[in-house]
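Colleague: Just one file: run.tsv, with TSV, C-alpha atoms.
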chain	number	residue	atom	x	y	z
A	27	MET	CA	-94.31	35.78	111.42
A	28	LYS	CA	-95.91	38.83	112.89
A	29	ALA	CA	-95.10	42.31	111.60
A	30	ARG	CA	-95.72	45.60	113.37
A	31	ILE	CA	-95.57	48.62	111.08
A	32	LYS	CA	-95.54	52.26	112.14
A	33	ILE	CA	-96.24	54.89	109.53
A	34	THR	CA	-95.51	58.49	110.45
A	35	LEU	CA	-95.54	61.78	108.59
A	36	LYS	CA	-92.12	63.04	107.60
A	37	ASN	CA	-90.67	65.97	109.48
A	38	GLY	CA	-91.85	69.21	107.97
A	39	VAL	CA	-95.15	67.79	106.74
A	40	LEU	CA	-98.04	69.56	108.45
A	41	ASP	CA	-100.06	67.33	110.78
A	42	PRO	CA	-103.43	68.97	111.50
A	43	GLN	CA	-104.72	65.84	113.25
A	44	GLY	CA	-101.76	65.92	115.63
A	45	LYS	CA	-102.33	69.63	116.25
A	46	ALA	CA	-105.99	68.94	117.04
A	47	ILE	CA	-104.98	66.25	119.55
A	48	GLY	CA	-102.53	68.69	121.14
A	49	HIS	CA	-105.22	71.36	121.53
A	50	ALA	CA	-107.72	68.84	122.89
A	51	LEU	CA	-105.18	67.67	125.49
A	52	GLU	CA	-104.53	71.27	126.52
A	53	SER	CA	-108.22	71.98	126.87
A	54	LEU	CA	-108.46	68.92	129.15
A	55	GLY	CA	-105.87	70.54	131.41
A	56	PHE	CA	-102.68	68.79	130.32
A	57	SER	CA	-99.80	71.22	130.06
A	58	GLY	CA	-96.28	71.11	128.71
A	59	ILE	CA	-97.25	69.05	125.69
A	60	ASP	CA	-95.44	69.72	122.47
A	61	ASP	CA	-95.11	68.38	118.98
A	62	VAL	CA	-97.98	65.88	118.85
A	63	ARG	CA	-97.86	63.77	115.69
A	64	GLN	CA	-100.39	61.14	114.69
A	65	GLY	CA	-99.50	58.19	112.52
A	66	LYS	CA	-100.82	54.76	111.64
A	67	TYR	CA	-100.01	51.45	113.23
A	68	ILE	CA	-100.62	48.19	111.38
A	69	GLU	CA	-100.19	44.64	112.63
A	70	LEU	CA	-100.36	41.64	110.35
A	71	LYS	CA	-99.43	38.00	110.19
A	72	LEU	CA	-97.41	36.56	107.33
A	73	ASN	CA	-97.22	32.89	106.36
A	74	GLU	CA	-93.49	33.15	105.84
A	75	THR	CA	-90.80	31.52	107.90
A	76	ASP	CA	-87.78	33.17	106.31
A	77	GLU	CA	-87.05	36.48	107.98
A	78	SER	CA	-85.34	38.14	105.03
A	79	LYS	CA	-88.23	37.22	102.72
A	80	ALA	CA	-90.70	38.54	105.28
A	81	ARG	CA	-88.76	41.82	105.51
A	82	ALA	CA	-88.71	42.17	101.74
A	83	ALA	CA	-92.48	41.52	101.56
A	84	ILE	CA	-93.24	44.07	104.28
A	85	GLU	CA	-91.10	46.69	102.57
A	86	ARG	CA	-92.90	46.11	99.27
A	87	MET	CA	-96.28	46.37	101.01
A	88	CYS	CA	-95.28	49.67	102.60
A	89	GLU	CA	-93.92	51.09	99.35
A	90	GLU	CA	-96.88	49.97	97.24
A	91	LEU	CA	-99.87	50.43	99.50
A	92	LEU	CA	-99.48	51.15	103.18
A	93	ALA	CA	-97.38	54.31	103.20
A	94	ASN	CA	-97.33	57.31	100.93
A	95	THR	CA	-93.57	57.59	100.74
A	96	VAL	CA	-93.72	61.15	99.41
A	97	ILE	CA	-94.91	62.41	102.80
A	98	GLU	CA	-94.62	59.41	105.13
A	99	ASN	CA	-91.88	57.28	106.66
A	100	TYR	CA	-92.36	53.73	107.81
A	101	THR	CA	-90.59	51.53	110.32
A	102	TYR	CA	-91.39	47.95	111.16
A	103	GLU	CA	-90.48	45.12	113.48
A	104	ILE	CA	-90.77	41.46	112.72
A	105	GLU	CA	-91.34	38.74	115.26
A	106	ALA	CA	-91.30	34.99	114.71
B	6	MET	CA	-89.46	63.29	127.44
B	7	LYS	CA	-90.80	61.72	124.31
B	8	ALA	CA	-93.74	59.31	124.40
B	9	ARG	CA	-94.75	56.85	121.72
B	10	ILE	CA	-98.28	55.54	122.09
B	11	LYS	CA	-99.85	52.67	120.17
B	12	ILE	CA	-103.61	52.28	120.27
B	13	THR	CA	-105.06	49.04	118.95
B	14	LEU	CA	-108.51	47.51	118.83
B	15	LYS	CA	-109.09	44.83	121.43
B	16	ASN	CA	-109.22	41.23	120.28
B	17	GLY	CA	-112.70	40.34	119.16
B	18	VAL	CA	-113.59	43.86	118.06
B	19	LEU	CA	-114.28	43.90	114.32
B	20	ASP	CA	-111.74	45.87	112.29
B	21	PRO	CA	-113.19	46.67	108.84
B	22	GLN	CA	-110.27	48.97	108.03
B	23	GLY	CA	-107.80	46.16	108.70
B	24	LYS	CA	-109.91	43.79	106.57
B	25	ALA	CA	-109.88	46.32	103.72
B	26	ILE	CA	-106.09	46.59	103.91
B	27	GLY	CA	-105.84	42.78	103.84
B	28	HIS	CA	-108.03	42.57	100.74
B	29	ALA	CA	-106.09	45.37	99.03
B	30	LEU	CA	-102.80	43.58	99.72
B	31	GLU	CA	-104.21	40.36	98.29
B	32	SER	CA	-105.41	42.13	95.18
B	33	LEU	CA	-101.87	43.52	94.74
B	34	GLY	CA	-100.61	39.94	94.68
B	35	PHE	CA	-99.38	39.46	98.23
B	36	SER	CA	-100.35	36.08	99.57
B	37	GLY	CA	-100.28	34.40	102.95
B	38	ILE	CA	-101.39	37.50	104.80
B	39	ASP	CA	-103.63	37.05	107.76
B	40	ASP	CA	-105.17	39.00	110.56
B	41	VAL	CA	-104.44	42.58	109.50
B	42	ARG	CA	-105.34	45.10	112.21
B	43	GLN	CA	-105.04	48.84	111.96
B	44	GLY	CA	-104.47	51.06	114.95
B	45	LYS	CA	-103.25	54.54	115.76
B	46	TYR	CA	-99.78	55.71	116.60
B	47	ILE	CA	-99.17	58.95	118.44
B	48	GLU	CA	-95.88	60.63	119.30
B	49	LEU	CA	-95.65	63.59	121.63
B	50	LYS	CA	-93.16	65.52	123.72
B	51	LEU	CA	-93.74	66.20	127.37
B	52	ASN	CA	-92.04	68.92	129.43
B	53	GLU	CA	-91.57	66.55	132.33
B	54	THR	CA	-88.30	65.19	133.62
B	55	ASP	CA	-89.67	62.70	136.13
B	56	GLU	CA	-90.42	59.39	134.45
B	57	SER	CA	-93.12	58.22	136.83
B	58	LYS	CA	-94.97	61.55	136.47
B	59	ALA	CA	-94.66	61.32	132.70
B	60	ARG	CA	-96.07	57.77	132.76
B	61	ALA	CA	-98.99	58.87	134.92
B	62	ALA	CA	-99.72	61.78	132.56
B	63	ILE	CA	-99.62	59.57	129.46
B	64	GLU	CA	-101.95	57.05	131.07
B	65	ARG	CA	-104.43	59.79	131.97
B	66	MET	CA	-104.26	61.14	128.41
B	67	CYS	CA	-104.97	57.70	126.98
B	68	GLU	CA	-107.85	57.04	129.37
B	69	GLU	CA	-109.45	60.46	128.92
B	70	LEU	CA	-108.91	61.25	125.26
B	71	LEU	CA	-106.65	59.18	123.07
B	72	ALA	CA	-108.08	55.69	123.43
B	73	ASN	CA	-111.63	54.44	123.72
B	74	THR	CA	-110.92	51.92	126.46
B	75	VAL	CA	-114.19	50.08	125.84
B	76	ILE	CA	-112.88	48.78	122.52
B	77	GLU	CA	-109.21	49.77	122.41
B	78	ASN	CA	-106.01	48.89	124.23
B	79	TYR	CA	-103.04	51.20	124.51
B	80	THR	CA	-99.35	50.65	125.07
B	81	TYR	CA	-96.66	53.27	125.29
B	82	GLU	CA	-92.94	53.76	125.58
B	83	ILE	CA	-91.21	56.71	127.17
B	84	GLU	CA	-87.79	57.98	126.22
B	85	ALA	CA	-85.78	60.70	127.96
As C-alpha coordinates, please, write out the structure in this file.
Modeller:
Amino acid sequence: MKARIKITLKNGVLDPQGKAIGHALESLGFSGIDDVRQGKYIELKLNETDESKARAAIERMCEELLANTVIENYTYEIEA
Amino acid sequence: MKARIKITLKNGVLDPQGKAIGHALESLGFSGIDDVRQGKYIELKLNETDESKARAAIERMCEELLANTVIENYTYEIEA
(Lines of atoms letter the chains of each structure in order from A and count residues from 1; the text may use other names and numbers.)
(Lines give C-alpha, C1' and ligand atoms only; values in the text may rest on other atoms or scores of the structure.)
Protein backbone atom coordinates (compact mmCIF):
# COMPACT_ATOMS: atom_id res chain seq x y z
CA MET A 1 0.00 0.00 0.00
CA LYS A 2 1.06 3.54 -0.66
CA ALA A 3 0.59 6.26 1.93
CA ARG A 4 0.63 10.01 1.35
CA ILE A 5 1.09 12.04 4.51
CA LYS A 6 0.70 15.80 4.85
CA ILE A 7 2.07 17.47 7.94
CA THR A 8 1.06 21.06 8.58
CA LEU A 9 1.55 23.52 11.40
CA LYS A 10 -1.46 23.97 13.63
CA ASN A 11 -3.43 27.18 13.36
CA GLY A 12 -1.93 29.84 15.55
CA VAL A 13 1.62 28.48 15.29
CA LEU A 14 3.87 31.04 13.62
CA ASP A 15 5.18 29.97 10.22
CA PRO A 16 8.18 32.13 9.27
CA GLN A 17 8.96 29.93 6.26
CA GLY A 18 5.44 30.46 4.91
CA LYS A 19 5.76 34.21 5.52
CA ALA A 20 9.05 34.25 3.61
CA ILE A 21 7.42 32.46 0.67
CA GLY A 22 4.57 34.99 0.74
CA HIS A 23 7.00 37.92 0.64
CA ALA A 24 9.04 36.31 -2.13
CA LEU A 25 5.89 35.80 -4.22
CA GLU A 26 4.92 39.43 -3.70
CA SER A 27 8.34 40.64 -4.73
CA LEU A 28 7.97 38.56 -7.91
CA GLY A 29 4.81 40.53 -8.70
CA PHE A 30 2.10 38.16 -7.50
CA SER A 31 -0.63 40.02 -5.67
CA GLY A 32 -3.61 39.06 -3.57
CA ILE A 33 -1.79 36.23 -1.84
CA ASP A 34 -2.62 35.57 1.76
CA ASP A 35 -1.92 33.12 4.51
CA VAL A 36 0.91 31.06 2.99
CA ARG A 37 1.73 28.02 5.13
CA GLN A 38 4.48 25.52 4.43
CA GLY A 39 4.30 21.93 5.57
CA LYS A 40 5.86 18.58 4.81
CA TYR A 41 4.69 15.92 2.42
CA ILE A 42 5.86 12.33 2.77
CA GLU A 43 5.14 9.38 0.50
CA LEU A 44 6.00 5.83 1.45
CA LYS A 45 5.22 2.26 0.55
CA LEU A 46 4.12 -0.28 3.14
CA ASN A 47 4.27 -4.06 2.77
CA GLU A 48 0.85 -4.42 4.30
CA THR A 49 -2.30 -5.56 2.57
CA ASP A 50 -4.77 -4.90 5.37
CA GLU A 51 -5.99 -1.33 5.23
CA SER A 52 -6.82 -0.96 8.91
CA LYS A 53 -3.37 -2.25 9.90
CA ALA A 54 -1.76 0.12 7.43
CA ARG A 55 -3.73 3.04 8.89
CA ALA A 56 -2.71 2.09 12.41
CA ALA A 57 0.96 1.87 11.36
CA ILE A 58 0.87 5.25 9.62
CA GLU A 59 -0.74 6.88 12.64
CA ARG A 60 1.93 5.44 14.92
CA MET A 61 4.68 6.66 12.58
CA CYS A 62 3.21 10.16 12.58
CA GLU A 63 2.81 10.25 16.35
CA GLU A 64 6.27 8.83 17.08
CA LEU A 65 8.48 10.36 14.43
CA LEU A 66 7.05 12.22 11.48
CA ALA A 67 4.98 14.94 13.12
CA ASN A 68 5.53 16.99 16.24
CA THR A 69 1.97 16.75 17.49
CA VAL A 70 2.44 19.65 19.90
CA ILE A 71 2.59 22.10 16.99
CA GLU A 72 1.70 20.04 13.91
CA ASN A 73 -1.33 18.25 12.50
CA TYR A 74 -1.14 15.36 10.09
CA THR A 75 -3.51 13.95 7.52
CA TYR A 76 -2.93 10.97 5.29
CA GLU A 77 -4.41 8.99 2.44
CA ILE A 78 -3.86 5.34 1.76
CA GLU A 79 -3.99 3.72 -1.64
CA ALA A 80 -3.81 0.02 -2.46
CA MET B 1 -9.66 30.53 -3.42
CA LYS B 2 -7.46 28.18 -1.50
CA ALA B 3 -4.63 26.29 -3.20
CA ARG B 4 -2.86 23.21 -1.93
CA ILE B 5 0.45 22.51 -3.65
CA LYS B 6 2.54 19.37 -3.34
CA ILE B 7 6.12 19.47 -4.55
CA THR B 8 7.94 16.17 -4.89
CA LEU B 9 11.30 15.09 -6.22
CA LYS B 10 11.17 13.52 -9.66
CA ASN B 11 11.68 9.78 -9.93
CA GLY B 12 15.34 8.98 -10.15
CA VAL B 13 16.46 12.00 -8.14
CA LEU B 14 18.17 10.87 -4.95
CA ASP B 15 16.29 11.74 -1.77
CA PRO B 16 18.65 11.50 1.24
CA GLN B 17 16.05 13.05 3.54
CA GLY B 18 13.53 10.36 2.59
CA LYS B 19 16.20 7.68 3.11
CA ALA B 20 16.95 9.08 6.57
CA ILE B 21 13.25 8.96 7.49
CA GLY B 22 13.09 5.35 6.27
CA HIS B 23 16.08 4.37 8.41
CA ALA B 24 14.66 6.19 11.44
CA LEU B 25 11.34 4.37 11.05
CA GLU B 26 13.15 1.03 10.83
CA SER B 27 15.15 1.79 13.94
CA LEU B 28 11.86 2.54 15.75
CA GLY B 29 10.73 -0.98 14.86
CA PHE B 30 8.55 -0.37 11.82
CA SER B 31 9.15 -2.98 9.17
CA GLY B 32 8.16 -3.43 5.56
CA ILE B 33 8.64 0.22 4.70
CA ASP B 34 9.95 1.05 1.30
CA ASP B 35 10.60 3.98 -0.93
CA VAL B 36 10.15 6.89 1.49
CA ARG B 37 10.19 10.26 -0.29
CA GLN B 38 9.91 13.64 1.32
CA GLY B 39 8.49 16.65 -0.42
CA LYS B 40 7.03 20.03 0.39
CA TYR B 41 3.44 21.00 0.96
CA ILE B 42 2.28 24.59 0.61
CA GLU B 43 -1.14 26.06 1.29
CA LEU B 44 -2.08 29.58 0.29
CA LYS B 45 -5.09 31.80 -0.25
CA LEU B 46 -5.59 33.72 -3.44
CA ASN B 47 -7.85 36.76 -3.89
CA GLU B 48 -9.08 35.46 -7.20
CA THR B 49 -12.56 34.24 -7.99
CA ASP B 50 -11.93 32.91 -11.49
CA GLU B 51 -10.67 29.34 -11.34
CA SER B 52 -8.74 29.35 -14.59
CA LYS B 53 -6.92 32.56 -13.58
CA ALA B 54 -6.14 31.05 -10.19
CA ARG B 55 -4.75 27.91 -11.87
CA ALA B 56 -2.58 30.00 -14.18
CA ALA B 57 -1.26 32.01 -11.22
CA ILE B 58 -0.43 28.90 -9.19
CA GLU B 59 1.38 27.35 -12.14
CA ARG B 60 3.45 30.50 -12.62
CA MET B 61 4.29 30.56 -8.90
CA CYS B 62 5.43 26.94 -9.03
CA GLU B 63 7.52 27.45 -12.15
CA GLU B 64 9.12 30.68 -10.96
CA LEU B 65 9.64 30.14 -7.25
CA LEU B 66 8.12 27.21 -5.43
CA ALA B 67 9.45 24.23 -7.35
CA ASN B 68 12.79 23.57 -8.98
CA THR B 69 11.37 22.04 -12.14
CA VAL B 70 14.71 20.49 -13.09
CA ILE B 71 14.43 18.01 -10.23
CA GLU B 72 10.92 18.48 -8.82
CA ASN B 73 7.35 17.90 -9.93
CA TYR B 74 4.39 19.81 -8.59
CA THR B 75 0.70 19.06 -8.33
CA TYR B 76 -1.99 21.27 -6.90
CA GLU B 77 -5.64 21.40 -6.02
CA ILE B 78 -7.80 24.49 -5.95
CA GLU B 79 -10.82 24.96 -3.76
CA ALA B 80 -13.30 27.86 -3.83
Colleague: With a cut-off of 7 Å, could you pull out the residues of chain A touching chain B and give me the nearest pair of atoms for each, distance in Å to one decimal, using all atoms listed in the file, ordered by chain and ascending number, as a Markdown table?
Modeller:
| residue | atom | partner | partner_atom | distance |
| --- | --- | --- | --- | --- |
| A:Gly58 | CA | B:Asn52 | CA | 4.8 |
| A:Ile59 | CA | B:Leu51 | CA | 4.8 |
| A:Asp60 | CA | B:Lys50 | CA | 4.9 |
| A:Asp61 | CA | B:Leu49 | CA | 5.5 |
| A:Val62 | CA | B:Leu49 | CA | 4.3 |
| A:Arg63 | CA | B:Glu48 | CA | 5.2 |
| A:Gln64 | CA | B:Ile47 | CA | 4.5 |
| A:Gly65 | CA | B:Tyr46 | CA | 4.8 |
| A:Lys66 | CA | B:Lys45 | CA | 4.8 |
| A:Tyr67 | CA | B:Gly44 | CA | 4.8 |
| A:Ile68 | CA | B:Gln43 | CA | 4.5 |
| A:Glu69 | CA | B:Arg42 | CA | 5.2 |
| A:Leu70 | CA | B:Val41 | CA | 4.3 |
| A:Lys71 | CA | B:Asp39 | CA | 4.9 |
| A:Leu72 | CA | B:Ile38 | CA | 4.8 |
| A:Asn73 | CA | B:Gly37 | CA | 4.8 |
Colleague: Can you tell me, as number ranges by chain, what residues are no more than 8 Å from Lys15 (chain B) when counting all atoms listed in the file, ignoring any on the same chain fewer than 6 positions away?
Modeller: B: 76-78
Colleague: For Tyr79 (chain B), which residue among B:Cys67, B:Val18, B:Ala61, B:Ala25 is the nearest when counting only C-alpha atoms?
Modeller: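 Closest to Tyr79 (chain B) of all the choices is B:Cys67.
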Colleague: I need the residue nearest Glu103 (chain A) from this list: A:Glu77, A:Glu52, A:Asp41, A:Glu89. Use all atoms listed in the file for the distance.
Modeller: A:Glu77
Colleague: Take CA of Val75 (chain B) and CA of Pro42 (chain A) and report the distance between them in Å, one decimal.
Modeller: 26.0 Å
Colleague: Rounded to one decimal in Å, what is the spacing between CA of Ala72 (chain B) and CA of His28 (chain B)?
Modeller: 26.2 Å
Colleague: For a test of reading the model, state the distance in Å between CA of Arg60 (chain B) and CA of Thr101 (chain A), rounded to one decimal.
Modeller: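 Distance between the two atoms: 23.9 Å.
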Colleague: Output region 84-105 of chain A as an mmCIF file, in the frame of the given file, making sure N, CA, C and O atoms are there.
Modeller:
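See result-v5.cif below for the written result:
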data_model
loop_
_atom_site.group_PDB
_atom_site.id
_atom_site.type_symbol
_atom_site.label_atom_id
_atom_site.label_comp_id
_atom_site.auth_asym_id
_atom_site.auth_seq_id
_atom_site.Cartn_x
_atom_site.Cartn_y
_atom_site.Cartn_z
ATOM 1 N N ILE A 84 -92.700 42.933 103.519
ATOM 2 C CA ILE A 84 -93.240 44.070 104.280
ATOM 3 C C ILE A 84 -92.816 45.385 103.624
ATOM 4 O O ILE A 84 -93.608 46.322 103.482
ATOM 5 N N GLU A 85 -91.557 45.451 103.201
ATOM 6 C CA GLU A 85 -91.100 46.690 102.570
ATOM 7 C C GLU A 85 -91.861 46.964 101.273
ATOM 8 O O GLU A 85 -92.248 48.104 101.002
ATOM 9 N N ARG A 86 -92.124 45.902 100.495
ATOM 10 C CA ARG A 86 -92.900 46.110 99.270
ATOM 11 C C ARG A 86 -94.314 46.563 99.590
ATOM 12 O O ARG A 86 -94.866 47.457 98.934
ATOM 13 N N MET A 87 -94.923 45.956 100.622
ATOM 14 C CA MET A 87 -96.280 46.370 101.010
ATOM 15 C C MET A 87 -96.306 47.847 101.400
ATOM 16 O O MET A 87 -97.226 48.586 101.021
ATOM 17 N N CYS A 88 -95.301 48.271 102.169
ATOM 18 C CA CYS A 88 -95.280 49.670 102.600
ATOM 19 C C CYS A 88 -95.104 50.592 101.403
ATOM 20 O O CYS A 88 -95.785 51.617 101.302
ATOM 21 N N GLU A 89 -94.191 50.229 100.498
ATOM 22 C CA GLU A 89 -93.920 51.090 99.350
ATOM 23 C C GLU A 89 -95.130 51.170 98.416
ATOM 24 O O GLU A 89 -95.413 52.216 97.832
ATOM 25 N N GLU A 90 -95.832 50.025 98.252
ATOM 26 C CA GLU A 90 -96.880 49.970 97.240
ATOM 27 C C GLU A 90 -98.249 50.395 97.752
ATOM 28 O O GLU A 90 -99.081 50.853 96.981
ATOM 29 N N LEU A 91 -98.515 50.168 99.028
ATOM 30 C CA LEU A 91 -99.870 50.430 99.500
ATOM 31 C C LEU A 91 -99.933 51.173 100.831
ATOM 32 O O LEU A 91 -100.657 52.164 100.954
ATOM 33 N N LEU A 92 -99.186 50.696 101.814
ATOM 34 C CA LEU A 92 -99.480 51.150 103.180
ATOM 35 C C LEU A 92 -99.043 52.585 103.443
ATOM 36 O O LEU A 92 -99.751 53.329 104.118
ATOM 37 N N ALA A 93 -97.887 52.955 102.933
ATOM 38 C CA ALA A 93 -97.380 54.310 103.200
ATOM 39 C C ALA A 93 -97.337 55.108 101.910
ATOM 40 O O ALA A 93 -97.119 54.550 100.840
ATOM 41 N N ASN A 94 -97.566 56.395 102.041
ATOM 42 C CA ASN A 94 -97.330 57.310 100.930
ATOM 43 C C ASN A 94 -95.922 57.862 101.138
ATOM 44 O O ASN A 94 -95.701 58.777 101.943
ATOM 45 N N THR A 95 -94.974 57.283 100.412
ATOM 46 C CA THR A 95 -93.570 57.590 100.740
ATOM 47 C C THR A 95 -93.154 59.003 100.334
ATOM 48 O O THR A 95 -92.037 59.406 100.623
ATOM 49 N N VAL A 96 -94.036 59.741 99.670
ATOM 50 C CA VAL A 96 -93.720 61.150 99.410
ATOM 51 C C VAL A 96 -93.761 61.934 100.728
ATOM 52 O O VAL A 96 -92.923 62.794 100.980
ATOM 53 N N ILE A 97 -94.739 61.619 101.567
ATOM 54 C CA ILE A 97 -94.910 62.410 102.800
ATOM 55 C C ILE A 97 -94.774 61.568 104.070
ATOM 56 O O ILE A 97 -94.808 62.108 105.161
ATOM 57 N N GLU A 98 -94.644 60.250 103.932
ATOM 58 C CA GLU A 98 -94.620 59.410 105.130
ATOM 59 C C GLU A 98 -93.375 58.527 105.189
ATOM 60 O O GLU A 98 -92.858 58.092 104.168
ATOM 61 N N ASN A 99 -92.932 58.278 106.404
ATOM 62 C CA ASN A 99 -91.880 57.280 106.660
ATOM 63 C C ASN A 99 -92.514 56.045 107.273
ATOM 64 O O ASN A 99 -93.551 56.140 107.927
ATOM 65 N N TYR A 100 -91.873 54.911 107.095
ATOM 66 C CA TYR A 100 -92.360 53.730 107.810
ATOM 67 C C TYR A 100 -91.206 53.024 108.510
ATOM 68 O O TYR A 100 -90.075 53.067 108.052
ATOM 69 N N THR A 101 -91.538 52.418 109.641
ATOM 70 C CA THR A 101 -90.590 51.530 110.320
ATOM 71 C C THR A 101 -91.369 50.278 110.682
ATOM 72 O O THR A 101 -92.594 50.308 110.810
ATOM 73 N N TYR A 102 -90.665 49.169 110.817
ATOM 74 C CA TYR A 102 -91.390 47.950 111.160
ATOM 75 C C TYR A 102 -90.504 47.033 111.999
ATOM 76 O O TYR A 102 -89.281 47.151 111.983
ATOM 77 N N GLU A 103 -91.173 46.171 112.730
ATOM 78 C CA GLU A 103 -90.480 45.120 113.480
ATOM 79 C C GLU A 103 -91.091 43.801 113.060
ATOM 80 O O GLU A 103 -92.288 43.715 112.803
ATOM 81 N N ILE A 104 -90.266 42.779 113.067
ATOM 82 C CA ILE A 104 -90.770 41.460 112.720
ATOM 83 C C ILE A 104 -90.484 40.512 113.875
ATOM 84 O O ILE A 104 -89.448 40.612 114.531
ATOM 85 N N GLU A 105 -91.436 39.640 114.123
ATOM 86 C CA GLU A 105 -91.340 38.740 115.260
ATOM 87 C C GLU A 105 -91.750 37.356 114.792
ATOM 88 O O GLU A 105 -92.731 37.229 114.076
#
